[in-house]
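To be precise, the following lines are target-v2.csv, and they hold CSV, C-alpha atoms.
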```
chain,number,residue,atom,x,y,z
S,16,MET,CA,-7.9,-23.4,13.7
S,17,LYS,CA,-7.0,-26.2,11.3
S,18,ILE,CA,-6.1,-26.7,7.6
S,19,ASP,CA,-6.0,-29.7,5.3
S,20,PRO,CA,-2.4,-30.2,4.0
S,21,ASN,CA,-3.7,-32.7,1.5
S,22,SER,CA,-6.2,-30.3,0.0
S,23,PRO,CA,-5.4,-28.9,-3.5
S,24,ALA,CA,-6.4,-25.4,-2.1
S,25,ASP,CA,-3.5,-23.0,-1.6
S,26,LEU,CA,-2.2,-23.3,2.0
S,27,SER,CA,-2.0,-19.6,2.6
S,28,ALA,CA,-5.6,-19.3,1.4
S,29,GLN,CA,-6.6,-22.1,3.9
S,30,ILE,CA,-4.8,-20.3,6.7
S,31,ALA,CA,-6.5,-17.0,5.9
S,32,SER,CA,-9.9,-18.7,5.8
S,33,ALA,CA,-9.3,-20.4,9.1
S,34,ILE,CA,-8.3,-17.2,10.8
S,35,ARG,CA,-11.2,-15.3,9.1
S,36,ASP,CA,-13.6,-18.0,10.5
S,37,ALA,CA,-12.2,-17.5,13.9
S,38,ILE,CA,-12.8,-13.8,13.7
S,39,VAL,CA,-16.3,-14.2,12.4
S,40,THR,CA,-17.3,-16.7,15.1
S,41,GLY,CA,-15.8,-14.5,17.9
S,42,HIS,CA,-13.0,-16.9,18.8
S,43,LEU,CA,-10.7,-14.0,17.9
S,44,ILE,CA,-12.1,-10.7,19.1
S,45,VAL,CA,-11.5,-7.1,18.0
S,46,ASP,CA,-8.1,-5.7,18.9
S,47,GLU,CA,-6.8,-9.1,19.9
S,48,ARG,CA,-3.2,-9.8,18.9
S,49,LEU,CA,-2.8,-12.8,16.7
S,50,PRO,CA,0.0,-15.4,17.4
S,51,SER,CA,3.4,-14.5,15.9
S,52,GLU,CA,4.4,-15.7,12.4
S,53,ALA,CA,6.6,-18.3,14.0
S,54,GLU,CA,3.8,-19.5,16.3
S,55,LEU,CA,1.3,-19.6,13.4
S,56,ALA,CA,3.8,-21.5,11.2
S,57,GLU,CA,4.2,-24.1,14.0
S,58,GLN,CA,0.5,-24.3,14.6
S,59,PHE,CA,-0.3,-24.9,10.9
S,60,GLN,CA,2.9,-26.8,10.1
S,61,VAL,CA,3.8,-24.5,7.3
S,62,SER,CA,6.7,-22.1,6.5
S,63,ARG,CA,6.7,-18.5,7.7
S,64,PRO,CA,6.4,-17.1,4.1
S,65,THR,CA,3.2,-19.1,3.8
S,66,VAL,CA,1.9,-17.5,7.0
S,67,ARG,CA,3.0,-14.1,5.8
S,68,GLU,CA,1.0,-14.5,2.6
S,69,ALA,CA,-2.1,-15.5,4.6
S,70,LEU,CA,-1.7,-12.4,6.7
S,71,LYS,CA,-1.4,-10.3,3.6
S,72,ARG,CA,-4.7,-11.7,2.4
S,73,LEU,CA,-6.4,-10.9,5.7
S,74,ALA,CA,-5.0,-7.4,5.7
S,75,ALA,CA,-6.2,-6.8,2.1
S,76,GLN,CA,-9.7,-7.6,3.4
S,77,SER,CA,-9.2,-5.2,6.3
S,78,LEU,CA,-9.8,-8.0,8.8
S,79,ILE,CA,-6.4,-7.5,10.5
S,80,ARG,CA,-3.9,-4.6,10.9
S,81,THR,CA,-0.2,-4.8,11.5
S,82,GLN,CA,1.8,-2.7,13.9
S,83,ARG,CA,5.6,-2.4,14.1
S,84,GLY,CA,7.7,-2.3,17.2
S,85,ALA,CA,8.2,-4.3,20.4
S,86,THR,CA,4.4,-4.3,21.1
S,87,GLY,CA,3.6,-4.8,17.4
S,88,GLY,CA,2.2,-7.7,15.5
S,89,ALA,CA,-1.0,-8.5,13.7
S,90,PHE,CA,-4.3,-7.5,15.4
S,91,VAL,CA,-7.9,-8.2,14.7
S,92,ASN,CA,-9.3,-5.1,13.0
S,93,ARG,CA,-12.5,-3.3,13.9
S,94,LEU,CA,-14.2,-3.5,10.5
S,95,SER,CA,-16.8,-0.8,9.7
S,96,PHE,CA,-19.2,-0.4,6.8
S,97,GLU,CA,-17.1,2.6,5.7
S,98,ASP,CA,-14.0,0.4,5.5
S,99,ALA,CA,-15.8,-2.3,3.6
S,100,TYR,CA,-17.5,0.2,1.2
S,101,CYS,CA,-14.5,0.8,-1.0
S,102,GLN,CA,-13.8,-2.9,-1.2
S,103,GLN,CA,-17.4,-3.5,-2.3
S,104,VAL,CA,-17.0,-0.9,-5.1
S,105,THR,CA,-13.7,-2.2,-6.2
S,106,THR,CA,-14.9,-5.8,-6.3
S,107,SER,CA,-18.1,-4.9,-8.2
S,108,THR,CA,-16.2,-2.9,-10.7
S,109,LEU,CA,-13.8,-5.7,-11.4
S,110,LEU,CA,-16.6,-8.3,-11.7
S,111,LEU,CA,-18.4,-6.1,-14.2
S,112,SER,CA,-15.3,-5.2,-16.2
S,113,MET,CA,-13.7,-8.7,-16.3
S,114,ASN,CA,-16.7,-11.0,-16.6
S,115,ALA,CA,-19.5,-11.4,-19.0
S,116,VAL,CA,-22.2,-9.4,-17.2
S,117,SER,CA,-24.8,-8.2,-19.7
S,118,PHE,CA,-26.1,-4.7,-19.6
S,119,ASP,CA,-29.7,-6.0,-18.9
S,120,THR,CA,-28.4,-8.0,-15.9
S,121,ALA,CA,-26.6,-5.0,-14.4
S,122,CYS,CA,-29.5,-2.7,-15.1
S,123,GLU,CA,-32.0,-5.1,-13.5
S,124,ALA,CA,-29.9,-5.5,-10.4
S,125,ARG,CA,-29.1,-1.9,-9.9
S,126,TYR,CA,-32.7,-0.6,-10.2
S,127,ALA,CA,-34.3,-3.5,-8.2
S,128,LEU,CA,-32.0,-2.7,-5.3
S,129,GLU,CA,-32.5,1.1,-5.6
S,130,ARG,CA,-36.3,0.7,-5.7
S,131,ALA,CA,-36.1,-1.3,-2.5
S,132,CYS,CA,-34.3,1.6,-0.9
S,133,ALA,CA,-36.4,4.5,-2.2
S,134,PRO,CA,-39.4,4.3,0.1
S,135,LEU,CA,-37.1,4.3,3.1
S,136,SER,CA,-35.2,7.3,1.8
S,137,ALA,CA,-38.5,9.1,1.2
S,138,THR,CA,-39.3,9.0,4.9
S,139,ARG,CA,-35.8,9.1,6.4
S,140,ARG,CA,-33.7,11.4,4.2
S,141,SER,CA,-32.0,14.4,5.8
S,142,ALA,CA,-32.2,17.9,4.6
S,143,ASP,CA,-28.6,17.7,3.5
S,144,GLN,CA,-29.2,14.6,1.4
S,145,LEU,CA,-32.2,16.2,-0.3
S,146,ALA,CA,-30.1,19.3,-0.8
S,147,THR,CA,-27.4,17.2,-2.5
S,148,MET,CA,-30.0,15.7,-4.8
S,149,ARG,CA,-31.2,19.2,-5.8
S,150,ALA,CA,-27.6,20.5,-6.2
S,151,GLU,CA,-26.8,17.6,-8.6
S,152,ILE,CA,-29.9,18.2,-10.6
S,153,PHE,CA,-28.9,21.8,-11.0
S,154,ARG,CA,-25.3,20.8,-11.9
S,155,GLN,CA,-26.6,18.4,-14.6
S,156,GLY,CA,-28.5,21.2,-16.2
S,157,GLN,CA,-25.5,23.4,-16.7
S,158,PRO,CA,-24.4,24.0,-20.3
S,159,GLY,CA,-20.9,22.8,-21.2
S,160,LEU,CA,-20.9,20.1,-18.5
S,161,THR,CA,-18.7,17.2,-19.8
S,162,ASP,CA,-20.0,13.7,-20.2
S,163,GLU,CA,-17.6,12.6,-17.4
S,164,ALA,CA,-18.8,15.3,-15.1
S,165,PHE,CA,-22.5,14.5,-15.9
S,166,CYS,CA,-21.8,10.8,-15.1
S,167,ALA,CA,-20.1,11.7,-11.8
S,168,SER,CA,-23.1,14.0,-10.9
S,169,ASP,CA,-25.5,11.1,-11.8
S,170,VAL,CA,-23.7,8.8,-9.4
S,171,ALA,CA,-23.7,11.5,-6.6
S,172,PHE,CA,-27.5,12.0,-7.1
S,173,HIS,CA,-28.3,8.3,-6.7
S,174,ARG,CA,-25.7,8.0,-3.8
S,175,ALA,CA,-27.6,10.6,-1.9
S,176,LEU,CA,-30.9,8.9,-2.6
S,177,VAL,CA,-29.5,5.6,-1.4
S,178,ASP,CA,-27.9,7.0,1.7
S,179,GLY,CA,-31.1,8.8,2.6
S,180,ALA,CA,-32.5,5.5,3.7
S,181,HIS,CA,-30.1,5.7,6.7
S,182,ASN,CA,-29.5,2.0,6.6
S,183,PRO,CA,-25.8,1.1,6.4
S,184,VAL,CA,-26.4,-2.4,5.2
S,185,LEU,CA,-28.4,-1.1,2.2
S,186,SER,CA,-25.8,1.6,1.5
S,187,TYR,CA,-23.1,-1.1,1.5
S,188,GLN,CA,-25.0,-3.4,-0.7
S,189,LEU,CA,-25.9,-0.6,-3.1
S,190,ALA,CA,-22.3,0.6,-3.3
S,191,GLY,CA,-21.5,-1.8,-6.1
S,192,ALA,CA,-24.8,-1.1,-7.8
S,193,VAL,CA,-24.4,2.7,-7.9
S,194,GLU,CA,-20.7,3.2,-7.9
S,195,ALA,CA,-19.8,0.3,-10.2
S,196,MET,CA,-22.9,-0.5,-12.3
S,197,GLN,CA,-24.0,3.0,-12.9
S,198,PRO,CA,-20.8,4.3,-14.5
S,199,LEU,CA,-20.9,1.2,-16.7
S,200,MET,CA,-24.4,2.0,-17.8
S,201,ASN,CA,-23.5,5.7,-18.3
S,202,MET,CA,-20.5,4.7,-20.6
S,203,ILE,CA,-22.8,2.7,-22.8
S,204,THR,CA,-25.7,5.2,-23.0
S,205,PHE,CA,-24.2,8.7,-22.8
S,206,THR,CA,-23.9,9.0,-26.6
S,207,ALA,CA,-27.6,8.5,-27.0
S,208,ARG,CA,-28.8,10.1,-23.8
S,209,ASP,CA,-31.1,13.1,-23.7
S,210,ARG,CA,-29.9,15.0,-20.7
S,211,GLN,CA,-33.2,16.9,-20.4
S,212,SER,CA,-35.1,13.6,-20.1
S,213,ILE,CA,-32.8,12.5,-17.3
S,214,LEU,CA,-33.2,15.9,-15.5
S,215,VAL,CA,-37.0,15.6,-15.6
S,216,LEU,CA,-36.9,12.1,-14.1
S,217,HIS,CA,-34.3,13.1,-11.5
S,218,SER,CA,-36.5,16.0,-10.5
S,219,GLN,CA,-39.6,13.8,-10.2
S,220,ILE,CA,-37.7,11.5,-7.9
S,221,ALA,CA,-36.4,14.4,-5.8
S,222,ASP,CA,-39.9,15.9,-5.6
S,223,ALA,CA,-41.2,12.5,-4.4
S,224,VAL,CA,-38.5,12.2,-1.8
S,225,GLU,CA,-39.2,15.7,-0.5
S,226,ALA,CA,-42.9,14.9,-0.3
S,227,CYS,CA,-42.2,11.7,1.6
S,228,ASP,CA,-43.9,9.8,-1.3
S,229,GLY,CA,-42.1,6.5,-1.5
S,230,ALA,CA,-44.4,5.1,-4.2
S,231,ALA,CA,-43.8,8.1,-6.4
S,232,ALA,CA,-40.0,7.7,-5.9
S,233,VAL,CA,-40.2,4.1,-6.9
S,234,ALA,CA,-42.3,5.0,-10.0
S,235,GLY,CA,-39.7,7.6,-11.0
S,236,LEU,CA,-36.9,5.0,-10.7
S,237,THR,CA,-39.0,2.6,-12.8
S,238,ALA,CA,-39.4,5.3,-15.5
S,239,LEU,CA,-35.6,6.0,-15.3
S,240,GLU,CA,-34.9,2.3,-15.8
S,241,GLU,CA,-37.1,2.1,-18.8
S,242,GLU,CA,-35.4,5.2,-20.3
S,243,THR,CA,-32.0,3.6,-19.6
S,244,ARG,CA,-32.9,0.3,-21.2
S,245,LYS,CA,-34.3,2.1,-24.3
S,246,LEU,CA,-31.1,4.1,-24.7
S,247,ALA,CA,-29.0,0.9,-24.4
S,248,ALA,CA,-31.2,-0.9,-26.9
S,249,ASP,CA,-30.7,1.9,-29.4
S,250,VAL,CA,-26.9,2.0,-28.9
S,251,PHE,CA,-26.6,-1.8,-29.3
S,252,ALA,CA,-28.8,-1.7,-32.4
S,253,ARG,CA,-26.7,0.9,-34.0
S,254,ARG,CA,-23.5,-1.0,-33.2
S,255,ALA,CA,-25.0,-4.2,-34.7
S,256,ALA,CA,-26.0,-2.4,-37.9
S,257,LYS,CA,-22.4,-1.2,-38.4
S,258,ARG,CA,-21.0,-4.8,-38.3
```

As structure tokens, what does this structure read like?
Amino acid sequence: MKIDPNSPADLSAQIASAIRDAIVTGHLIVDERLPSEAELAEQFQVSRPTVREALKRLAAQSLIRTQRGATGGAFVNRLSFEDAYCQQVTTSTLLLSMNAVSFDTACEARYALERACAPLSATRRSADQLATMRAEIFRQGQPGLTDEAFCASDVAFHRALVDGAHNPVLSYQLAGAVEAMQPLMNMITFTARDRQSILVLHSQIADAVEACDGAAAVAGLTALEEETRKLAADVFARRAAKR
């Protein structure tokens, strides 16, 4: 593992990158203990605080874990999709909230990904996942349900649809689309949304999944995207008219 001391890149970032590469390539294996801070500082010819900062970066990415005591130290973590899931949601939320990502861009990405997942869900979903979709549809039809609760139910419905594909890679990739993009879209459109229209479309999608009809599930998602885009266009038009 090497770094370039003449590079303008932060030294701690370089060290973290070098260790991350060693983990990815298998030179450092799961549960292996990393060299001590002093040993790493000597290896990279940097101070111990710089090494400590690099280790913090790796821990924040769940690539390593630290243990205290005589047998403690930093160890290569066994990263799972579940561990990475929350990071994906957090990162996607920050990207959407802090950068200029248009509504159309977010909408296009979210529905394109979900349509790719729907045919798999139609053939692989479990009874529990279908039951979750049905329960959320029922919840969305309850009078007095707040906008926040409706949005949360909307996310839960689509999460069940995505997870029904039983593909952890797809679930991970769609975490940002559903958990981060969808609330953004809901915030923009909830004032103009006709809940009954959403309920009808959700029911069509659930019916298609129950019937193992992937094409119909995709068609339902396409109709939902068109409805979402129309709502957003109406909201943006009214905002522009007020200026």

Out of S:Leu214, S:Ala190, S:Ile203, S:Val39, which residue has the shortest atom-to-atom distance to S:Gln157 when counting only C-alpha atoms?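 For S:Gln157, the nearest of the given residues is S:Leu214.
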
Atom pair atom CA of S:Ala167 / atom CA of S:Ser95: separation (Å):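 A separation of 25.1 Å between them.
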
Between S:Arg174, S:Lys257, S:Lys17, S:Arg244, which residue has the minimum interatomic distance to S:Phe59, considering all atoms listed in the file?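 Of S:Arg174, S:Lys257, S:Lys17, S:Arg244, the one nearest S:Phe59 is S:Lys17, counting all atoms listed in the file.
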
Mind checking which residues fall within 12 Å of S:Glu123, counting all atoms listed in the file, ignoring those fewer than 2 positions away in the same chain, and posting them as a list in words?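 Result of the neighbour search: Val116, Ser117, Phe118, Asp119, Thr120, Ala121, Arg125, Tyr126, Ala127, Leu128, Glu129, Arg130, Ala192, Met196, Gln197, Met200, Leu236, Thr237, Leu239, Glu240, Glu241, Thr243 and Arg244 of chain S.
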
Atom CA of S:Gly88 to atom CA of S:Ala24, distance in Å rounded to a single decimal: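 Atom-to-atom, atom CA of S:Gly88 to atom CA of S:Ala24, that is 26.4 Å.
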
Excluding S:Leu216 and any residue of its chain fewer than 2 positions from it, enumerate the residues within 8 Å of it, using all atoms listed in the file, and give them as a list of chain:residue names.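 Everything that qualifies: S:Ser212, S:Ile213, S:Leu214, S:Ser218, S:Gln219, S:Ile220, S:Gly235, S:Leu236, S:Ala238, S:Leu239.
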
Residues at most 12 Å from S:Val193, counting only C-alpha atoms, excluding those fewer than 6 positions away in the same chain, as a JSON list (two decimals) with C-alpha atoms, in the coordinates of the input?
```json
[["chain", "number", "residue", "atom", "x", "y", "z"],
["S", 100, "TYR", "CA", -17.50, 0.20, 1.20],
["S", 103, "GLN", "CA", -17.40, -3.50, -2.30],
["S", 104, "VAL", "CA", -17.00, -0.90, -5.10],
["S", 105, "THR", "CA", -13.70, -2.20, -6.20],
["S", 107, "SER", "CA", -18.10, -4.90, -8.20],
["S", 108, "THR", "CA", -16.20, -2.90, -10.70],
["S", 121, "ALA", "CA", -26.60, -5.00, -14.40],
["S", 122, "CYS", "CA", -29.50, -2.70, -15.10],
["S", 124, "ALA", "CA", -29.90, -5.50, -10.40],
["S", 125, "ARG", "CA", -29.10, -1.90, -9.90],
["S", 126, "TYR", "CA", -32.70, -0.60, -10.20],
["S", 127, "ALA", "CA", -34.30, -3.50, -8.20],
["S", 128, "LEU", "CA", -32.00, -2.70, -5.30],
["S", 129, "GLU", "CA", -32.50, 1.10, -5.60],
["S", 166, "CYS", "CA", -21.80, 10.80, -15.10],
["S", 167, "ALA", "CA", -20.10, 11.70, -11.80],
["S", 168, "SER", "CA", -23.10, 14.00, -10.90],
["S", 169, "ASP", "CA", -25.50, 11.10, -11.80],
["S", 170, "VAL", "CA", -23.70, 8.80, -9.40],
["S", 171, "ALA", "CA", -23.70, 11.50, -6.60],
["S", 172, "PHE", "CA", -27.50, 12.00, -7.10],
["S", 173, "HIS", "CA", -28.30, 8.30, -6.70],
["S", 174, "ARG", "CA", -25.70, 8.00, -3.80],
["S", 175, "ALA", "CA", -27.60, 10.60, -1.90],
["S", 176, "LEU", "CA", -30.90, 8.90, -2.60],
["S", 177, "VAL", "CA", -29.50, 5.60, -1.40],
["S", 178, "ASP", "CA", -27.90, 7.00, 1.70],
["S", 185, "LEU", "CA", -28.40, -1.10, 2.20],
["S", 186, "SER", "CA", -25.80, 1.60, 1.50],
["S", 187, "TYR", "CA", -23.10, -1.10, 1.50],
["S", 199, "LEU", "CA", -20.90, 1.20, -16.70],
["S", 200, "MET", "CA", -24.40, 2.00, -17.80],
["S", 201, "ASN", "CA", -23.50, 5.70, -18.30]]
```

Using Å and a single decimal, report how far atom CA of S:Glu151 sits from atom CA of S:Val215. 12.5 Å

Choose the residue, out of S:Thr147, S:Thr86, S:Thr106, S:Ser62, that has the smallest atom-to-atom separation from S:Leu49; count all atoms listed in the file.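 Counting all atoms listed in the file, the residue closest to S:Leu49 is S:Thr86.
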
Surrounding residues of S:Ile34 excluding itself and chain neighbours under 4 positions, 8 Å, only C-alpha atoms, as a PyMOL selection string: chain S and resi 16+30+38

Residues as selected, C-alpha atoms, written as a JSON list (two decimals), in the coordinates of the input, can you do that?
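Written output follows (result_8.json):
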```
[["chain", "number", "residue", "atom", "x", "y", "z"],
["S", 16, "MET", "CA", -7.90, -23.40, 13.70],
["S", 30, "ILE", "CA", -4.80, -20.30, 6.70],
["S", 38, "ILE", "CA", -12.80, -13.80, 13.70]]
```

Residue among S:Met148, S:Cys132, S:Val184, S:Leu55 lying closest to S:Asp222, counting all atoms listed in the file: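 Answer, going by the shortest atom-to-atom distance: S:Met148.
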
Spatial neighbours of S:Ile18, max dist 10 Å, only C-alpha atoms, sep filter under 2 positions, as a ChimeraX atom specification: /S:16,20-22,24,26-33,58-60

Now that the selection is made, can you save its residues with C-alpha atoms as an mmCIF file, in the coordinates of the input?
```
data_model
loop_
_atom_site.group_PDB
_atom_site.id
_atom_site.type_symbol
_atom_site.label_atom_id
_atom_site.label_comp_id
_atom_site.auth_asym_id
_atom_site.auth_seq_id
_atom_site.Cartn_x
_atom_site.Cartn_y
_atom_site.Cartn_z
ATOM 1 C CA MET S 16 -7.900 -23.400 13.700
ATOM 2 C CA PRO S 20 -2.400 -30.200 4.000
ATOM 3 C CA ASN S 21 -3.700 -32.700 1.500
ATOM 4 C CA SER S 22 -6.200 -30.300 0.000
ATOM 5 C CA ALA S 24 -6.400 -25.400 -2.100
ATOM 6 C CA LEU S 26 -2.200 -23.300 2.000
ATOM 7 C CA SER S 27 -2.000 -19.600 2.600
ATOM 8 C CA ALA S 28 -5.600 -19.300 1.400
ATOM 9 C CA GLN S 29 -6.600 -22.100 3.900
ATOM 10 C CA ILE S 30 -4.800 -20.300 6.700
ATOM 11 C CA ALA S 31 -6.500 -17.000 5.900
ATOM 12 C CA SER S 32 -9.900 -18.700 5.800
ATOM 13 C CA ALA S 33 -9.300 -20.400 9.100
ATOM 14 C CA GLN S 58 0.500 -24.300 14.600
ATOM 15 C CA PHE S 59 -0.300 -24.900 10.900
ATOM 16 C CA GLN S 60 2.900 -26.800 10.100
#
```

Atoms are missing here; could stretch 65-81 of chain S be completed with N, CA and C atoms and written as a compact mmCIF listing (two decimals), in the coordinates of the input?
```
# COMPACT_ATOMS: atom_id res chain seq x y z
N THR S 65 4.55 -18.70 4.03
CA THR S 65 3.20 -19.10 3.80
C THR S 65 2.22 -18.36 4.74
N VAL S 66 2.64 -18.29 6.00
CA VAL S 66 1.90 -17.50 7.00
C VAL S 66 1.80 -16.07 6.62
N ARG S 67 2.94 -15.54 6.19
CA ARG S 67 3.00 -14.10 5.80
C ARG S 67 2.03 -13.80 4.69
N GLU S 68 1.97 -14.72 3.71
CA GLU S 68 1.00 -14.50 2.60
C GLU S 68 -0.40 -14.57 3.08
N ALA S 69 -0.71 -15.45 4.03
CA ALA S 69 -2.10 -15.50 4.60
C ALA S 69 -2.43 -14.24 5.29
N LEU S 70 -1.49 -13.67 6.04
CA LEU S 70 -1.70 -12.40 6.70
C LEU S 70 -1.95 -11.28 5.77
N LYS S 71 -1.23 -11.31 4.66
CA LYS S 71 -1.40 -10.30 3.60
C LYS S 71 -2.84 -10.35 3.07
N ARG S 72 -3.34 -11.56 2.88
CA ARG S 72 -4.70 -11.70 2.40
C ARG S 72 -5.72 -11.14 3.36
N LEU S 73 -5.51 -11.40 4.64
CA LEU S 73 -6.40 -10.90 5.70
C LEU S 73 -6.35 -9.37 5.76
N ALA S 74 -5.14 -8.83 5.64
CA ALA S 74 -5.00 -7.40 5.70
C ALA S 74 -5.66 -6.71 4.51
N ALA S 75 -5.58 -7.36 3.35
CA ALA S 75 -6.20 -6.80 2.10
C ALA S 75 -7.73 -6.75 2.30
N GLN S 76 -8.28 -7.61 3.15
CA GLN S 76 -9.70 -7.60 3.40
C GLN S 76 -10.08 -6.75 4.63
N SER S 77 -9.07 -6.04 5.16
CA SER S 77 -9.20 -5.20 6.30
C SER S 77 -9.67 -5.94 7.59
N LEU S 78 -9.41 -7.24 7.60
CA LEU S 78 -9.80 -8.00 8.80
C LEU S 78 -8.70 -7.94 9.87
N ILE S 79 -7.47 -7.66 9.48
CA ILE S 79 -6.40 -7.50 10.50
C ILE S 79 -5.61 -6.23 10.12
N ARG S 80 -4.87 -5.74 11.09
CA ARG S 80 -3.90 -4.60 10.90
C ARG S 80 -2.62 -5.02 11.48
N THR S 81 -1.54 -4.51 10.96
CA THR S 81 -0.20 -4.80 11.50
C THR S 81 0.40 -3.59 12.11
```
